[in-house]
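Participant: final-v2.txt is reproduced in full below (compact mmCIF, C-alpha atoms and all ligand atoms).
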```txt
# COMPACT_ATOMS: atom_id res chain seq x y z
CA MET E 1 -43.60 -18.07 33.35
CA GLN E 2 -40.27 -19.64 32.46
CA ALA E 3 -39.00 -19.34 28.88
CA ILE E 4 -35.80 -19.75 26.90
CA VAL E 5 -35.03 -16.30 25.61
CA LYS E 6 -32.63 -15.19 22.91
CA LEU E 7 -30.80 -12.15 24.29
CA ALA E 8 -28.58 -9.53 22.68
CA GLU E 9 -25.73 -11.74 23.92
CA GLY E 10 -26.46 -15.47 23.91
CA TYR E 11 -29.65 -17.08 25.26
CA ASP E 12 -30.86 -18.05 28.71
CA LEU E 13 -33.75 -19.25 30.86
CA ARG E 14 -35.73 -16.20 32.00
CA THR E 15 -38.92 -15.41 33.88
CA VAL E 16 -41.21 -13.49 31.52
CA ASP E 17 -44.86 -12.39 31.44
CA LEU E 18 -47.47 -14.94 30.35
CA PRO E 19 -48.66 -14.30 26.77
CA ARG E 20 -51.98 -12.46 26.67
CA LEU E 21 -54.73 -12.52 24.06
CA GLN E 22 -54.07 -9.50 21.83
CA HIS E 23 -56.51 -10.08 18.95
CA PRO E 24 -60.01 -11.64 18.90
CA HIS E 25 -58.58 -14.59 16.90
CA ASP E 26 -55.68 -15.33 19.28
CA VAL E 27 -55.30 -18.60 21.12
CA VAL E 28 -53.02 -19.10 24.13
CA ILE E 29 -51.71 -22.65 24.44
CA ARG E 30 -49.94 -24.32 27.36
CA VAL E 31 -46.94 -26.06 25.83
CA ALA E 32 -46.67 -29.79 26.53
CA TYR E 33 -43.76 -30.73 24.24
CA ALA E 34 -41.48 -28.55 22.13
CA GLY E 35 -39.01 -30.08 19.69
CA ILE E 36 -35.59 -28.53 19.18
CA CYS E 37 -34.42 -28.26 15.58
CA ARG E 38 -31.40 -26.83 13.84
CA THR E 39 -33.24 -23.58 13.09
CA ASP E 40 -33.62 -23.02 16.85
CA VAL E 41 -29.91 -23.66 17.39
CA ALA E 42 -29.02 -21.26 14.54
CA VAL E 43 -31.22 -18.54 16.08
CA ALA E 44 -29.82 -19.18 19.57
CA GLU E 45 -26.27 -18.89 18.25
CA GLY E 46 -27.04 -15.75 16.25
CA ARG E 47 -26.51 -17.39 12.82
CA ILE E 48 -30.09 -16.37 11.98
CA ALA E 49 -30.60 -12.73 12.98
CA THR E 50 -33.63 -11.89 15.13
CA ARG E 51 -34.86 -9.13 17.37
CA THR E 52 -34.10 -9.56 21.06
CA PRO E 53 -35.39 -10.46 23.52
CA LEU E 54 -37.25 -13.27 21.76
CA ILE E 55 -38.61 -16.58 23.06
CA LEU E 56 -37.19 -19.45 20.97
CA GLY E 57 -38.95 -22.55 19.64
CA HIS E 58 -41.37 -23.36 16.81
CA GLU E 59 -42.30 -27.07 16.94
CA PHE E 60 -44.75 -27.88 19.70
CA SER E 61 -47.97 -29.36 20.98
CA GLY E 62 -50.08 -28.42 23.95
CA VAL E 63 -53.47 -27.72 25.43
CA VAL E 64 -55.56 -24.62 24.69
CA ASP E 65 -55.71 -22.36 27.73
CA GLN E 66 -57.50 -19.20 26.51
CA VAL E 67 -59.28 -18.22 23.31
CA GLY E 68 -60.08 -14.77 21.91
CA SER E 69 -63.66 -13.55 21.54
CA ALA E 70 -63.81 -14.39 17.80
CA VAL E 71 -62.43 -17.94 18.10
CA THR E 72 -65.12 -20.47 17.23
CA ARG E 73 -63.21 -23.61 16.31
CA LEU E 74 -61.30 -24.14 19.56
CA ALA E 75 -61.99 -24.15 23.27
CA PRO E 76 -59.90 -24.37 26.44
CA GLY E 77 -58.81 -27.96 27.02
CA ASP E 78 -58.44 -28.86 23.32
CA ARG E 79 -55.23 -30.75 22.48
CA VAL E 80 -53.48 -29.03 19.60
CA THR E 81 -50.37 -28.37 17.57
CA ALA E 82 -49.68 -25.37 15.33
CA MET E 83 -48.11 -24.38 12.06
CA PRO E 84 -45.28 -22.06 13.16
CA VAL E 85 -45.13 -19.97 9.97
CA HIS E 86 -47.42 -16.95 9.64
CA ASP E 87 -48.12 -15.84 6.07
CA CYS E 88 -48.02 -12.08 5.46
CA GLY E 89 -51.36 -12.12 3.62
CA ALA E 90 -50.29 -9.26 1.32
CA CYS E 91 -47.56 -10.51 -1.06
CA LEU E 92 -48.28 -11.91 -4.52
CA GLY E 93 -47.99 -15.54 -3.37
CA CYS E 94 -50.49 -14.89 -0.57
CA ARG E 95 -52.89 -12.83 -2.71
CA GLU E 96 -52.94 -15.41 -5.49
CA LYS E 97 -53.20 -18.27 -2.96
CA LEU E 98 -50.10 -19.99 -4.34
CA ASP E 99 -49.33 -21.51 -0.93
CA THR E 100 -46.10 -19.50 -0.84
CA CYS E 101 -45.34 -16.36 1.10
CA GLU E 102 -42.41 -14.13 0.31
CA PHE E 103 -42.41 -12.44 3.70
CA PRO E 104 -43.40 -15.10 6.22
CA SER E 105 -42.77 -14.72 9.90
CA MET E 106 -42.17 -17.63 12.20
CA LEU E 107 -42.60 -18.56 15.83
CA GLY E 108 -39.25 -18.49 17.57
CA VAL E 109 -37.72 -16.35 14.81
CA GLU E 110 -40.01 -13.31 14.46
CA HIS E 111 -42.71 -14.10 17.04
CA ASP E 112 -42.25 -15.29 20.62
CA GLY E 113 -42.01 -19.06 20.40
CA ALA E 114 -42.79 -22.28 22.20
CA PHE E 115 -39.81 -22.88 24.50
CA ALA E 116 -42.02 -21.46 27.23
CA GLU E 117 -44.84 -22.59 29.47
CA SER E 118 -47.35 -20.86 27.16
CA VAL E 119 -47.39 -19.48 23.63
CA ARG E 120 -49.83 -17.27 21.70
CA VAL E 121 -50.79 -18.27 18.13
CA PRO E 122 -53.55 -17.07 15.74
CA GLU E 123 -56.47 -19.53 15.51
CA ARG E 124 -55.97 -20.18 11.77
CA LEU E 125 -52.56 -21.79 12.46
CA VAL E 126 -53.83 -24.14 15.19
CA TYR E 127 -54.72 -27.78 14.43
CA GLU E 128 -56.66 -30.00 16.78
CA ILE E 129 -55.19 -33.44 17.28
CA PRO E 130 -57.20 -36.66 17.67
CA ASP E 131 -57.50 -38.19 21.16
CA HIS E 132 -55.38 -41.20 20.25
CA LEU E 133 -52.43 -39.12 19.01
CA ASP E 134 -50.05 -38.51 21.89
CA LEU E 135 -48.81 -34.99 22.49
CA GLN E 136 -45.14 -35.79 21.95
CA THR E 137 -45.77 -37.22 18.48
CA ALA E 138 -48.07 -34.28 17.71
CA ALA E 139 -45.18 -31.91 18.48
CA TYR E 140 -43.39 -33.53 15.54
CA THR E 141 -45.99 -32.39 12.98
CA GLU E 142 -43.96 -29.47 11.63
CA PRO E 143 -40.95 -31.57 10.53
CA VAL E 144 -43.40 -34.02 8.90
CA ALA E 145 -45.09 -31.15 7.01
CA ALA E 146 -41.67 -29.93 5.85
CA CYS E 147 -40.91 -33.46 4.51
CA LEU E 148 -44.34 -33.76 2.92
CA ALA E 149 -43.46 -30.68 0.86
CA VAL E 150 -41.30 -32.93 -1.35
CA ALA E 151 -44.48 -34.57 -2.67
CA LYS E 152 -45.42 -31.19 -4.19
CA ALA E 153 -42.37 -31.37 -6.50
CA ALA E 154 -42.71 -32.54 -10.11
CA VAL E 155 -41.48 -36.04 -9.30
CA SER E 156 -43.41 -39.29 -9.13
CA PRO E 157 -43.25 -42.59 -7.25
CA GLY E 158 -42.47 -44.47 -10.48
CA GLN E 159 -39.18 -42.61 -10.92
CA ARG E 160 -35.86 -43.61 -9.49
CA GLY E 161 -35.22 -41.18 -6.65
CA ALA E 162 -33.15 -40.83 -3.53
CA VAL E 163 -33.07 -38.80 -0.35
CA VAL E 164 -29.52 -37.64 0.30
CA GLY E 165 -28.60 -37.42 3.97
CA SER E 166 -27.73 -39.49 6.99
CA ASN E 167 -29.49 -37.78 9.90
CA ARG E 168 -33.02 -38.15 11.25
CA ILE E 169 -34.35 -35.47 8.89
CA ALA E 170 -33.26 -37.52 5.88
CA GLU E 171 -34.75 -40.65 7.44
CA LEU E 172 -38.01 -38.84 8.20
CA THR E 173 -38.14 -37.54 4.62
CA ARG E 174 -37.74 -41.09 3.34
CA ARG E 175 -40.48 -42.40 5.65
CA VAL E 176 -42.92 -39.59 4.80
CA LEU E 177 -42.37 -40.13 1.06
CA HIS E 178 -42.80 -43.85 1.61
CA GLY E 179 -46.09 -43.08 3.36
CA VAL E 180 -47.39 -41.20 0.31
CA GLY E 181 -46.49 -43.84 -2.27
CA TYR E 182 -42.76 -43.53 -2.89
CA SER E 183 -42.18 -47.12 -1.85
CA SER E 184 -38.85 -47.58 -3.65
CA ILE E 185 -37.16 -44.32 -2.69
CA GLU E 186 -33.53 -44.85 -1.67
CA MET E 187 -31.32 -43.20 0.93
CA ILE E 188 -27.84 -42.05 0.04
CA ASP E 189 -25.29 -41.18 2.66
CA PRO E 190 -23.53 -37.93 1.63
CA VAL E 191 -20.18 -39.58 2.39
CA ALA E 192 -20.95 -42.51 0.09
CA ILE E 193 -22.44 -40.49 -2.78
CA ARG E 194 -19.08 -40.52 -4.57
CA ASP E 195 -19.62 -44.25 -5.14
CA CYS E 196 -22.98 -43.63 -6.86
CA GLU E 197 -23.08 -44.04 -10.58
CA THR E 198 -23.17 -40.85 -12.67
CA SER E 199 -26.61 -39.93 -14.09
CA SER E 200 -28.24 -42.90 -12.39
CA LEU E 201 -31.21 -41.18 -10.70
CA ASP E 202 -34.28 -39.34 -11.98
CA PHE E 203 -34.33 -37.09 -8.93
CA VAL E 204 -32.63 -36.46 -5.61
CA VAL E 205 -33.91 -34.72 -2.49
CA GLU E 206 -31.30 -32.83 -0.48
CA THR E 207 -31.71 -32.58 3.30
CA SER E 208 -28.58 -30.52 4.04
CA VAL E 209 -26.19 -29.36 1.38
CA ASP E 210 -22.94 -27.52 0.79
CA THR E 211 -21.10 -26.64 -2.41
CA ASP E 212 -19.23 -29.97 -2.69
CA LEU E 213 -22.31 -32.07 -2.06
CA PHE E 214 -24.36 -30.01 -4.50
CA ARG E 215 -21.86 -30.82 -7.20
CA GLU E 216 -22.32 -34.52 -6.44
CA LEU E 217 -26.11 -34.14 -6.68
CA VAL E 218 -25.69 -32.63 -10.14
CA ARG E 219 -23.48 -35.55 -11.10
CA VAL E 220 -25.76 -38.39 -9.97
CA VAL E 221 -28.99 -37.02 -11.50
CA ARG E 222 -29.67 -38.00 -15.10
CA PRO E 223 -29.96 -35.38 -17.87
CA ARG E 224 -33.27 -33.47 -17.53
CA GLY E 225 -33.51 -34.81 -13.99
CA ARG E 226 -34.52 -32.86 -10.92
CA ILE E 227 -32.92 -31.76 -7.67
CA VAL E 228 -35.49 -31.11 -4.95
CA LEU E 229 -34.30 -28.55 -2.42
CA LYS E 230 -35.82 -29.20 0.96
CA SER E 231 -33.35 -28.14 3.65
CA ARG E 232 -33.10 -24.66 5.09
CA THR E 233 -29.31 -24.70 5.09
CA PRO E 234 -28.62 -21.09 6.16
CA GLU E 235 -25.14 -20.94 4.61
CA ARG E 236 -24.72 -19.97 0.95
CA VAL E 237 -24.20 -22.83 -1.51
CA GLY E 238 -22.11 -22.44 -4.67
CA ILE E 239 -23.62 -23.72 -7.91
CA TYR E 240 -21.53 -24.21 -11.05
CA LEU E 241 -23.97 -23.36 -13.83
CA PRO E 242 -22.27 -25.03 -16.85
CA GLU E 243 -22.71 -28.47 -15.26
CA LEU E 244 -26.39 -27.79 -14.64
CA LEU E 245 -26.95 -26.47 -18.15
CA ARG E 246 -25.23 -29.34 -19.90
CA LYS E 247 -27.65 -31.76 -18.26
CA GLU E 248 -30.60 -29.34 -18.39
CA LEU E 249 -31.41 -30.09 -14.77
CA SER E 250 -34.34 -28.61 -12.89
CA LEU E 251 -34.02 -27.30 -9.35
CA GLU E 252 -37.23 -27.25 -7.37
CA ALA E 253 -37.45 -25.72 -3.90
CA VAL E 254 -40.30 -26.82 -1.66
CA ASN E 255 -41.31 -25.39 1.69
CA TYR E 256 -44.24 -27.06 3.48
CA GLY E 257 -46.82 -29.69 2.65
CA SER E 258 -50.29 -29.71 4.19
CA PHE E 259 -50.22 -29.44 7.98
CA GLN E 260 -53.57 -31.23 8.31
CA GLU E 261 -52.34 -34.10 6.13
CA SER E 262 -49.27 -34.32 8.35
CA VAL E 263 -51.39 -34.57 11.50
CA ASP E 264 -53.44 -37.28 9.74
CA LEU E 265 -50.33 -39.23 8.68
CA LEU E 266 -49.11 -39.28 12.29
CA ALA E 267 -52.56 -40.09 13.68
CA GLU E 268 -53.15 -43.00 11.29
CA GLY E 269 -50.11 -44.70 12.79
CA SER E 270 -48.71 -45.73 9.41
CA LEU E 271 -45.84 -43.25 9.79
CA ALA E 272 -43.67 -44.52 12.66
CA VAL E 273 -41.60 -41.75 14.24
CA ARG E 274 -41.14 -42.62 17.91
CA ASP E 275 -37.83 -44.35 17.29
CA LEU E 276 -36.52 -40.99 16.00
CA PHE E 277 -37.18 -39.40 19.39
CA GLY E 278 -34.37 -38.80 21.87
CA ALA E 279 -34.46 -37.42 25.37
CA CYS E 280 -36.98 -34.99 26.89
CA TYR E 281 -35.61 -32.21 29.07
CA PRO E 282 -37.28 -29.76 31.45
CA LEU E 283 -36.75 -26.11 30.47
CA ALA E 284 -34.17 -25.72 33.25
CA LEU E 285 -31.87 -28.20 31.47
CA PHE E 286 -32.08 -26.39 28.12
CA ARG E 287 -28.29 -26.18 27.77
CA SER E 288 -27.94 -29.97 27.81
CA ALA E 289 -30.89 -30.19 25.40
CA PHE E 290 -29.32 -27.76 22.92
CA GLU E 291 -25.99 -29.54 23.25
CA SER E 292 -27.65 -32.83 22.23
CA GLU E 293 -29.28 -31.22 19.18
CA ARG E 294 -25.98 -29.64 18.16
CA GLY E 295 -24.46 -33.13 18.05
CA ALA E 296 -25.28 -35.84 15.56
CA GLU E 297 -28.91 -34.83 14.84
CA SER E 298 -29.69 -38.50 14.95
CA LYS E 299 -32.57 -38.16 17.43
CA LYS E 300 -35.18 -35.48 18.04
CA ILE E 301 -34.67 -33.72 21.37
CA PHE E 302 -37.70 -32.34 23.23
CA LEU E 303 -38.34 -29.84 25.97
CA ARG E 304 -41.26 -30.30 28.37
CA PRO E 305 -42.27 -26.78 29.42
CA ASP E 306 -45.58 -27.54 31.20
CA THR E 307 -45.59 -31.01 32.66
CA ASP E 308 -49.19 -30.60 33.87
CA CYS E 309 -50.45 -30.84 30.27
CA GLY E 310 -50.69 -34.64 30.38
CA ASP E 311 -49.24 -37.54 28.39
ZN ZN E 401 -38.16 -27.12 12.84
ZN ZN E 402 -47.18 -13.33 1.88
```
Is it possible to express this structure as structure tokens?
Facilitator:
Amino acid sequence: MQAIVKLAEGYDLRTVDLPRLQHPHDVVIRVAYAGICRTDVAVAEGRIATRTPLILGHEFSGVVDQVGSAVTRLAPGDRVTAMPVHDCGACLGCREKLDTCEFPSMLGVEHDGAFAESVRVPERLVYEIPDHLDLQTAAYTEPVAACLAVAKAAVSPGQRGAVVGSNRIAELTRRVLHGVGYSSIEMIDPVAIRDCETSSLDFVVETSVDTDLFRELVRVVRPRGRIVLKSRTPERVGIYLPELLRKELSLEAVNYGSFQESVDLLAEGSLAVRDLFGACYPLALFRSAFESERGAESKKIFLRPDTDCGD
């Protein structure tokens, strides 16, 4: 099959073996749509270190092709999406079922990913999608689950809060929060945050941050307020502790919300996302696709690895 492979030097389209069932709980899925996100670009460019060769890609939808002998919940032909993060099962967070894993591994980072005609995933990470949910929207479940994580933070819809960012991830975060009751949440453009009044918000949600912006977040949140950390900004961010201490601010990092709830939000139709979608590219045009994602991040770019999947 064709796949986009991270190599020791750069990344390229390669012909590789089809994934095979390795464990009784494995599922092999033909990939209909795969979304490109900044994590994929960071891996492709070597800013996130990985083994090589490695197939990139972690956001996708598709159709089940093969199931292992112990799989009971799924059958070939089922339309699905999957949580790309595998919990280790052994760390304290996993053992105590805290919904956190210290040593997770991810499709397209540690495991061969979804920028390929087929991908192998354990059954427990696979979610069936309802008939009326199109496969392209279903491929957007992972970003929705990452936004839904904010609802786990100790903030509430009655508080004055804002999502800080100007790209589609910030807009999606706002919409997802809106969908779960945060009807008055604001958006603040990072460029315009200097005009925001000091100590005027109960909480802020960052969607991409650097040292300068972090300092602004500390400034705009009221004393005893909260900064919710949501982005996976891979660069280090400097924090000046005296400013945080004077206001007794709380920092709360959140990872993922419920994947099933995210599928449901998309399926209900109350969370509109299609206007956030940009172009779809065949695997062969992956360079143009990555170039688009590297740009403004205003629209979600998709690859279409197996066009026989439907939709
Ligand atoms: Zn992603
Ligand atoms: Zn773990």
Participant: Name the residues in contact with E:Leu249 at a cut-off of 12 Å, using all atoms listed in the file, excluding same-chain residues fewer than 3 positions from it; report them as a list in words.
Facilitator: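 Result of the neighbour search: Ser199, Leu201, Asp202, Phe203, Val204, Leu217, Val218, Arg219, Val220, Val221, Arg222, Pro223, Arg224, Gly225, Arg226, Ile227, Val228, Leu241, Pro242, Glu243, Leu244, Leu245, Arg246 and Glu252 of chain E.
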Participant: Suppose you want the space between atom CA of E:Tyr281 and atom CA of E:Arg14; what is it in Å?
Facilitator: 16.3 Å
Participant: If we count only C-alpha atoms and set the cut-off at 8 Å, which residues sit around E:Lys230, ignoring sequence neighbours fewer than 3 positions away in its own chain? Please answer as a PyMOL selection string.
Facilitator: chain E and resi 146-147+149-150+205-208+253-255
Participant: As a quick test: using all atoms listed in the file, which residues lie no more than 10 Å away from ligand ZN 402 (chain E)? Give them as a PyMOL selection string.
Facilitator: chain E and resi 86-105
Participant: Write out as a PDB file with C-alpha atoms, in the coordinates of the input each polymer residue whose atoms come within 12 Å of E:Tyr182, counting all atoms listed in the file; drop sequence neighbours fewer than 2 positions from it.
Facilitator:
```
ATOM      1  CA  LEU E 148     -44.340 -33.760   2.920  1.00  0.00           C
ATOM      2  CA  VAL E 150     -41.300 -32.930  -1.350  1.00  0.00           C
ATOM      3  CA  ALA E 151     -44.480 -34.570  -2.670  1.00  0.00           C
ATOM      4  CA  VAL E 155     -41.480 -36.040  -9.300  1.00  0.00           C
ATOM      5  CA  SER E 156     -43.410 -39.290  -9.130  1.00  0.00           C
ATOM      6  CA  PRO E 157     -43.250 -42.590  -7.250  1.00  0.00           C
ATOM      7  CA  GLY E 158     -42.470 -44.470 -10.480  1.00  0.00           C
ATOM      8  CA  GLN E 159     -39.180 -42.610 -10.920  1.00  0.00           C
ATOM      9  CA  ARG E 160     -35.860 -43.610  -9.490  1.00  0.00           C
ATOM     10  CA  GLY E 161     -35.220 -41.180  -6.650  1.00  0.00           C
ATOM     11  CA  ALA E 162     -33.150 -40.830  -3.530  1.00  0.00           C
ATOM     12  CA  VAL E 163     -33.070 -38.800  -0.350  1.00  0.00           C
ATOM     13  CA  THR E 173     -38.140 -37.540   4.620  1.00  0.00           C
ATOM     14  CA  ARG E 174     -37.740 -41.090   3.340  1.00  0.00           C
ATOM     15  CA  ARG E 175     -40.480 -42.400   5.650  1.00  0.00           C
ATOM     16  CA  VAL E 176     -42.920 -39.590   4.800  1.00  0.00           C
ATOM     17  CA  LEU E 177     -42.370 -40.130   1.060  1.00  0.00           C
ATOM     18  CA  HIS E 178     -42.800 -43.850   1.610  1.00  0.00           C
ATOM     19  CA  GLY E 179     -46.090 -43.080   3.360  1.00  0.00           C
ATOM     20  CA  VAL E 180     -47.390 -41.200   0.310  1.00  0.00           C
ATOM     21  CA  SER E 184     -38.850 -47.580  -3.650  1.00  0.00           C
ATOM     22  CA  ILE E 185     -37.160 -44.320  -2.690  1.00  0.00           C
ATOM     23  CA  GLU E 186     -33.530 -44.850  -1.670  1.00  0.00           C
TER      24      GLU E 186
END
```
Participant: Could you list, as a list in words, all residues that come within 8 Å of ligand ZN 401 (chain E)? Count only C-alpha atoms and all ligand atoms.
Facilitator: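 My answer, listing the contacting residues, is Gly35, Ile36, Cys37, Arg38, Thr39, Asp40, His58, Glu59, Glu142 and Pro143 of chain E.
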Participant: From the set E:Ile193, E:Tyr256, E:Asp306, E:Gly181, which residue has the shortest atom-to-atom contact distance to E:Ser61, counting all atoms listed in the file?
Facilitator: E:Asp306
Participant: Give the answer as one residue: which of E:Met106, E:Ile239, E:Val71, E:Leu54 has the shortest atom-to-atom distance to E:Met83, using only C-alpha atoms?
Facilitator: E:Met106
Participant: How far is it from atom CA of E:Gln22 to atom CA of E:Ala75, in Å with one decimal?
Facilitator: 16.7 Å
Participant: Kindly give the distance, in Å, that separates atom CA of E:Val28 and atom CA of E:Ser118, rounded to a single decimal.
Facilitator: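 A separation of 6.7 Å between them.
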Participant: Counting all atoms listed in the file, give me one row per residue of stretch 107-192 of chain E with an atom at most 12 Å from an atom of stretch 211-216 of chain E, showing the shortest contact pair and its distance in Å to one decimal, sorted by chain then residue number, as a tab-separated table.
Facilitator:
```
residue	atom	partner	partner_atom	distance
E:Val164	CA	E:Leu213	CA	9.4
E:Gly165	CA	E:Leu213	CA	10.2
E:Ile188	CA	E:Glu216	CA	11.4
E:Asp189	CA	E:Leu213	CA	10.7
E:Pro190	CA	E:Leu213	CA	7.0
E:Val191	CA	E:Leu213	CA	9.0
E:Ala192	CA	E:Glu216	CA	10.4
```
Participant: Show which residues sit within 9 Å of E:Pro130, as a PyMOL selection string. Count all atoms listed in the file, and ignore same-chain residues fewer than 5 positions away.
Facilitator: chain E and resi 79-80+263-264+267
Participant: For E:Leu13, which residue among E:Phe115, E:Tyr127, E:Phe60, E:Tyr33 is the nearest when counting all atoms listed in the file?
Facilitator: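 Closest candidate: E:Phe115.
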Participant: Considering all atoms listed in the file, state which residue in the set E:Cys309, E:Ala44, E:Ala32, E:Ala284 is at the smallest distance from E:Ala114.
Facilitator: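 Closest residue, counting all atoms listed in the file: E:Ala32.
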Participant: Which residue is closest to E:Gln260? Choose from E:Glu171, E:Glu128, E:Asp195, E:Glu291 and count all atoms listed in the file.
Facilitator: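 Of all the options, E:Glu128 lies closest to E:Gln260.
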Participant: Nearest residue to E:Leu251 out of E:Glu293, E:Ala70, E:Ala154, E:Ala82, using only C-alpha atoms?
Facilitator: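 When distances to E:Leu251 are compared using only C-alpha atoms, the smallest one comes from E:Ala154.
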Participant: With all atoms listed in the file counted, which protein, DNA or RNA residues have an atom no more than 12 Å from (-27.8, -15.7, 13.7) in the file frame? Please answer as a VMD selection string.
Facilitator: chain E and resid 6 to 11 38 to 52 109 234 to 235
Participant: Neighbouring residues of E:Lys300 were defined as those with any atom within 7 Å, considering all atoms listed in the file; residues of the same chain fewer than 6 positions away were excluded. Please report them as a list of chain:residue names.
Facilitator: E:Gly35, E:Leu276, E:Phe277, E:Gly278
